[in-house]
Amino acid sequence: MALRLERMVSTMHGAKDLYLRWNVSLATVRRKMKSGQIRTVKFGARRLVPIDEVLRIDREGIGK
């Protein structure tokens, strides 16, 4: 069970990881997560972004 949980978390990213990856402000990432422009999954009290969404934004850009 712990291994499954570890794999799931490793394929998800938090806002703090992503603002550094995309070179935008933390507020921008949080605002886009809240508005639905970045798809998130709720994991406990945290909102995480699945890896496929991260890769989509890597391809298309954060502003699109």
# chains A, B, ... in the order shown; residues from 1 in each chain; ligands from 1
call {"tool": "residues_around", "arguments": {"residues": "Val49 of chain A", "least_positions_apart": "6", "cutoff": "9 Å", "atoms": "only C-alpha atoms", "output": "CSV table (one decimal) with C-alpha atoms, in the first residue's frame"}}
result
chain,number,residue,atom,x,y,z
A,11,THR,CA,3.4,11.5,-10.4
A,12,MET,CA,1.7,14.6,-8.8
A,13,HIS,CA,3.2,18.1,-8.3
A,14,GLY,CA,2.3,20.9,-5.9
A,15,ALA,CA,2.1,24.5,-6.7
A,18,LEU,CA,5.5,24.1,-10.6
A,33,MET,CA,-5.4,26.1,-10.2
A,38,ILE,CA,-4.8,23.9,-14.4
A,39,ARG,CA,-6.5,20.6,-13.6
A,40,THR,CA,-5.9,19.5,-10.0
A,41,VAL,CA,-6.7,16.5,-7.8
A,42,LYS,CA,-7.5,16.9,-4.1
call {"tool": "residues_around", "arguments": {"residues": "Trp22 of chain A", "least_positions_apart": "5", "cutoff": "9 Å", "atoms": "only C-alpha atoms", "output": "number ranges by chain"}}
result
A: 57-58, 61-62
call {"tool": "closest_residue", "arguments": {"among": "A:Phe43, A:Val29, A:Gly63, A:Ser35", "to": "Asp17 of chain A", "atoms": "only C-alpha atoms"}}
result
A:Val29
call {"tool": "decode", "arguments": {"residues": "segment 16-30 of chain A", "atoms": "all heavy atoms", "output": "PDB file, in the first residue's frame"}}
result
ATOM      1  N   LYS A  16       4.131  24.729  -5.448  1.00  0.00           N
ATOM      2  CA  LYS A  16       5.489  25.215  -5.202  1.00  0.00           C
ATOM      3  C   LYS A  16       6.508  24.570  -6.127  1.00  0.00           C
ATOM      4  O   LYS A  16       7.500  25.192  -6.496  1.00  0.00           O
ATOM      5  CB  LYS A  16       5.870  24.991  -3.746  1.00  0.00           C
ATOM      6  CG  LYS A  16       5.108  25.902  -2.810  1.00  0.00           C
ATOM      7  CD  LYS A  16       5.513  25.716  -1.382  1.00  0.00           C
ATOM      8  CE  LYS A  16       4.720  26.636  -0.478  1.00  0.00           C
ATOM      9  NZ  LYS A  16       5.071  26.457   0.919  1.00  0.00           N
ATOM     10  N   ASP A  17       6.266  23.334  -6.521  1.00  0.00           N
ATOM     11  CA  ASP A  17       7.161  22.685  -7.491  1.00  0.00           C
ATOM     12  C   ASP A  17       7.007  23.322  -8.871  1.00  0.00           C
ATOM     13  O   ASP A  17       7.972  23.485  -9.605  1.00  0.00           O
ATOM     14  CB  ASP A  17       6.840  21.200  -7.631  1.00  0.00           C
ATOM     15  CG  ASP A  17       6.998  20.430  -6.341  1.00  0.00           C
ATOM     16  OD1 ASP A  17       7.851  20.820  -5.522  1.00  0.00           O
ATOM     17  OD2 ASP A  17       6.261  19.445  -6.167  1.00  0.00           O
ATOM     18  N   LEU A  18       5.769  23.654  -9.203  1.00  0.00           N
ATOM     19  CA  LEU A  18       5.459  24.070 -10.571  1.00  0.00           C
ATOM     20  C   LEU A  18       5.849  25.504 -10.885  1.00  0.00           C
ATOM     21  O   LEU A  18       6.228  25.804 -12.012  1.00  0.00           O
ATOM     22  CB  LEU A  18       3.969  23.847 -10.835  1.00  0.00           C
ATOM     23  CG  LEU A  18       3.552  22.381 -10.737  1.00  0.00           C
ATOM     24  CD1 LEU A  18       2.050  22.256 -10.896  1.00  0.00           C
ATOM     25  CD2 LEU A  18       4.283  21.540 -11.751  1.00  0.00           C
ATOM     26  N   TYR A  19       5.748  26.406  -9.913  1.00  0.00           N
ATOM     27  CA  TYR A  19       6.105  27.788 -10.241  1.00  0.00           C
ATOM     28  C   TYR A  19       7.590  27.896 -10.586  1.00  0.00           C
ATOM     29  O   TYR A  19       7.974  28.703 -11.434  1.00  0.00           O
ATOM     30  CB  TYR A  19       5.661  28.761  -9.142  1.00  0.00           C
ATOM     31  CG  TYR A  19       6.632  28.991  -8.006  1.00  0.00           C
ATOM     32  CD1 TYR A  19       7.530  30.044  -8.054  1.00  0.00           C
ATOM     33  CD2 TYR A  19       6.632  28.184  -6.874  1.00  0.00           C
ATOM     34  CE1 TYR A  19       8.406  30.288  -7.005  1.00  0.00           C
ATOM     35  CE2 TYR A  19       7.493  28.420  -5.824  1.00  0.00           C
ATOM     36  CZ  TYR A  19       8.377  29.467  -5.891  1.00  0.00           C
ATOM     37  OH  TYR A  19       9.232  29.710  -4.859  1.00  0.00           O
ATOM     38  N   LEU A  20       8.416  27.055  -9.962  1.00  0.00           N
ATOM     39  CA  LEU A  20       9.838  27.046 -10.318  1.00  0.00           C
ATOM     40  C   LEU A  20      10.056  26.420 -11.691  1.00  0.00           C
ATOM     41  O   LEU A  20      10.868  26.901 -12.481  1.00  0.00           O
ATOM     42  CB  LEU A  20      10.637  26.269  -9.259  1.00  0.00           C
ATOM     43  CG  LEU A  20      10.669  26.892  -7.876  1.00  0.00           C
ATOM     44  CD1 LEU A  20      11.276  25.931  -6.867  1.00  0.00           C
ATOM     45  CD2 LEU A  20      11.400  28.213  -7.897  1.00  0.00           C
ATOM     46  N   ARG A  21       9.322  25.370 -11.979  1.00  0.00           N
ATOM     47  CA  ARG A  21       9.453  24.671 -13.268  1.00  0.00           C
ATOM     48  C   ARG A  21       9.062  25.569 -14.428  1.00  0.00           C
ATOM     49  O   ARG A  21       9.683  25.562 -15.488  1.00  0.00           O
ATOM     50  CB  ARG A  21       8.579  23.425 -13.233  1.00  0.00           C
ATOM     51  CG  ARG A  21       8.610  22.613 -14.504  1.00  0.00           C
ATOM     52  CD  ARG A  21       7.701  21.401 -14.373  1.00  0.00           C
ATOM     53  NE  ARG A  21       7.764  20.567 -15.539  1.00  0.00           N
ATOM     54  CZ  ARG A  21       7.901  19.254 -15.505  1.00  0.00           C
ATOM     55  NH1 ARG A  21       7.982  18.629 -14.351  1.00  0.00           N
ATOM     56  NH2 ARG A  21       7.949  18.571 -16.610  1.00  0.00           N
ATOM     57  N   TRP A  22       7.980  26.343 -14.246  1.00  0.00           N
ATOM     58  CA  TRP A  22       7.442  27.168 -15.333  1.00  0.00           C
ATOM     59  C   TRP A  22       7.927  28.618 -15.293  1.00  0.00           C
ATOM     60  O   TRP A  22       7.552  29.417 -16.150  1.00  0.00           O
ATOM     61  CB  TRP A  22       5.925  27.128 -15.315  1.00  0.00           C
ATOM     62  CG  TRP A  22       5.380  25.759 -15.607  1.00  0.00           C
ATOM     63  CD1 TRP A  22       5.916  24.807 -16.417  1.00  0.00           C
ATOM     64  CD2 TRP A  22       4.182  25.192 -15.090  1.00  0.00           C
ATOM     65  NE1 TRP A  22       5.126  23.695 -16.441  1.00  0.00           N
ATOM     66  CE2 TRP A  22       4.048  23.896 -15.642  1.00  0.00           C
ATOM     67  CE3 TRP A  22       3.188  25.650 -14.223  1.00  0.00           C
ATOM     68  CZ2 TRP A  22       2.972  23.062 -15.349  1.00  0.00           C
ATOM     69  CZ3 TRP A  22       2.125  24.821 -13.925  1.00  0.00           C
ATOM     70  CH2 TRP A  22       2.016  23.537 -14.487  1.00  0.00           C
ATOM     71  N   ASN A  23       8.712  28.981 -14.282  1.00  0.00           N
ATOM     72  CA  ASN A  23       9.257  30.335 -14.163  1.00  0.00           C
ATOM     73  C   ASN A  23       8.161  31.402 -14.128  1.00  0.00           C
ATOM     74  O   ASN A  23       8.221  32.403 -14.846  1.00  0.00           O
ATOM     75  CB  ASN A  23      10.267  30.613 -15.283  1.00  0.00           C
ATOM     76  CG  ASN A  23      11.146  31.794 -14.971  1.00  0.00           C
ATOM     77  OD1 ASN A  23      11.413  32.072 -13.808  1.00  0.00           O
ATOM     78  ND2 ASN A  23      11.596  32.492 -16.002  1.00  0.00           N
ATOM     79  N   VAL A  24       7.153  31.156 -13.307  1.00  0.00           N
ATOM     80  CA  VAL A  24       6.083  32.127 -13.056  1.00  0.00           C
ATOM     81  C   VAL A  24       5.944  32.269 -11.548  1.00  0.00           C
ATOM     82  O   VAL A  24       6.560  31.531 -10.783  1.00  0.00           O
ATOM     83  CB  VAL A  24       4.737  31.688 -13.678  1.00  0.00           C
ATOM     84  CG1 VAL A  24       4.829  31.619 -15.184  1.00  0.00           C
ATOM     85  CG2 VAL A  24       4.266  30.372 -13.107  1.00  0.00           C
ATOM     86  N   SER A  25       5.118  33.218 -11.112  1.00  0.00           N
ATOM     87  CA  SER A  25       4.955  33.401  -9.671  1.00  0.00           C
ATOM     88  C   SER A  25       4.066  32.307  -9.079  1.00  0.00           C
ATOM     89  O   SER A  25       3.244  31.698  -9.772  1.00  0.00           O
ATOM     90  CB  SER A  25       4.341  34.772  -9.380  1.00  0.00           C
ATOM     91  OG  SER A  25       2.991  34.802  -9.777  1.00  0.00           O
ATOM     92  N   LEU A  26       4.230  32.089  -7.798  1.00  0.00           N
ATOM     93  CA  LEU A  26       3.411  31.122  -7.077  1.00  0.00           C
ATOM     94  C   LEU A  26       1.943  31.545  -7.127  1.00  0.00           C
ATOM     95  O   LEU A  26       1.048  30.708  -7.277  1.00  0.00           O
ATOM     96  CB  LEU A  26       3.898  30.999  -5.634  1.00  0.00           C
ATOM     97  CG  LEU A  26       3.190  30.010  -4.729  1.00  0.00           C
ATOM     98  CD1 LEU A  26       3.248  28.602  -5.316  1.00  0.00           C
ATOM     99  CD2 LEU A  26       3.802  30.033  -3.338  1.00  0.00           C
ATOM    100  N   ALA A  27       1.691  32.843  -7.045  1.00  0.00           N
ATOM    101  CA  ALA A  27       0.319  33.353  -7.113  1.00  0.00           C
ATOM    102  C   ALA A  27      -0.326  33.027  -8.460  1.00  0.00           C
ATOM    103  O   ALA A  27      -1.526  32.702  -8.521  1.00  0.00           O
ATOM    104  CB  ALA A  27       0.308  34.857  -6.876  1.00  0.00           C
ATOM    105  N   THR A  28       0.433  33.084  -9.537  1.00  0.00           N
ATOM    106  CA  THR A  28      -0.094  32.752 -10.869  1.00  0.00           C
ATOM    107  C   THR A  28      -0.519  31.297 -10.924  1.00  0.00           C
ATOM    108  O   THR A  28      -1.612  30.981 -11.400  1.00  0.00           O
ATOM    109  CB  THR A  28       0.964  33.031 -11.951  1.00  0.00           C
ATOM    110  OG1 THR A  28       1.278  34.422 -11.949  1.00  0.00           O
ATOM    111  CG2 THR A  28       0.481  32.613 -13.322  1.00  0.00           C
ATOM    112  N   VAL A  29       0.315  30.408 -10.421  1.00  0.00           N
ATOM    113  CA  VAL A  29      -0.020  28.983 -10.436  1.00  0.00           C
ATOM    114  C   VAL A  29      -1.261  28.728  -9.588  1.00  0.00           C
ATOM    115  O   VAL A  29      -2.194  28.046 -10.026  1.00  0.00           O
ATOM    116  CB  VAL A  29       1.167  28.127  -9.947  1.00  0.00           C
ATOM    117  CG1 VAL A  29       0.760  26.672  -9.812  1.00  0.00           C
ATOM    118  CG2 VAL A  29       2.341  28.261 -10.899  1.00  0.00           C
ATOM    119  N   ARG A  30      -1.307  29.297  -8.402  1.00  0.00           N
ATOM    120  CA  ARG A  30      -2.472  29.088  -7.521  1.00  0.00           C
ATOM    121  C   ARG A  30      -3.744  29.660  -8.137  1.00  0.00           C
ATOM    122  O   ARG A  30      -4.814  29.061  -8.029  1.00  0.00           O
ATOM    123  CB  ARG A  30      -2.206  29.702  -6.160  1.00  0.00           C
ATOM    124  CG  ARG A  30      -1.212  28.897  -5.372  1.00  0.00           C
ATOM    125  CD  ARG A  30      -1.044  29.425  -3.982  1.00  0.00           C
ATOM    126  NE  ARG A  30      -0.192  28.540  -3.211  1.00  0.00           N
ATOM    127  CZ  ARG A  30       0.513  28.928  -2.176  1.00  0.00           C
ATOM    128  NH1 ARG A  30       0.474  30.180  -1.765  1.00  0.00           N
ATOM    129  NH2 ARG A  30       1.264  28.063  -1.528  1.00  0.00           N
TER     130      ARG A  30
END
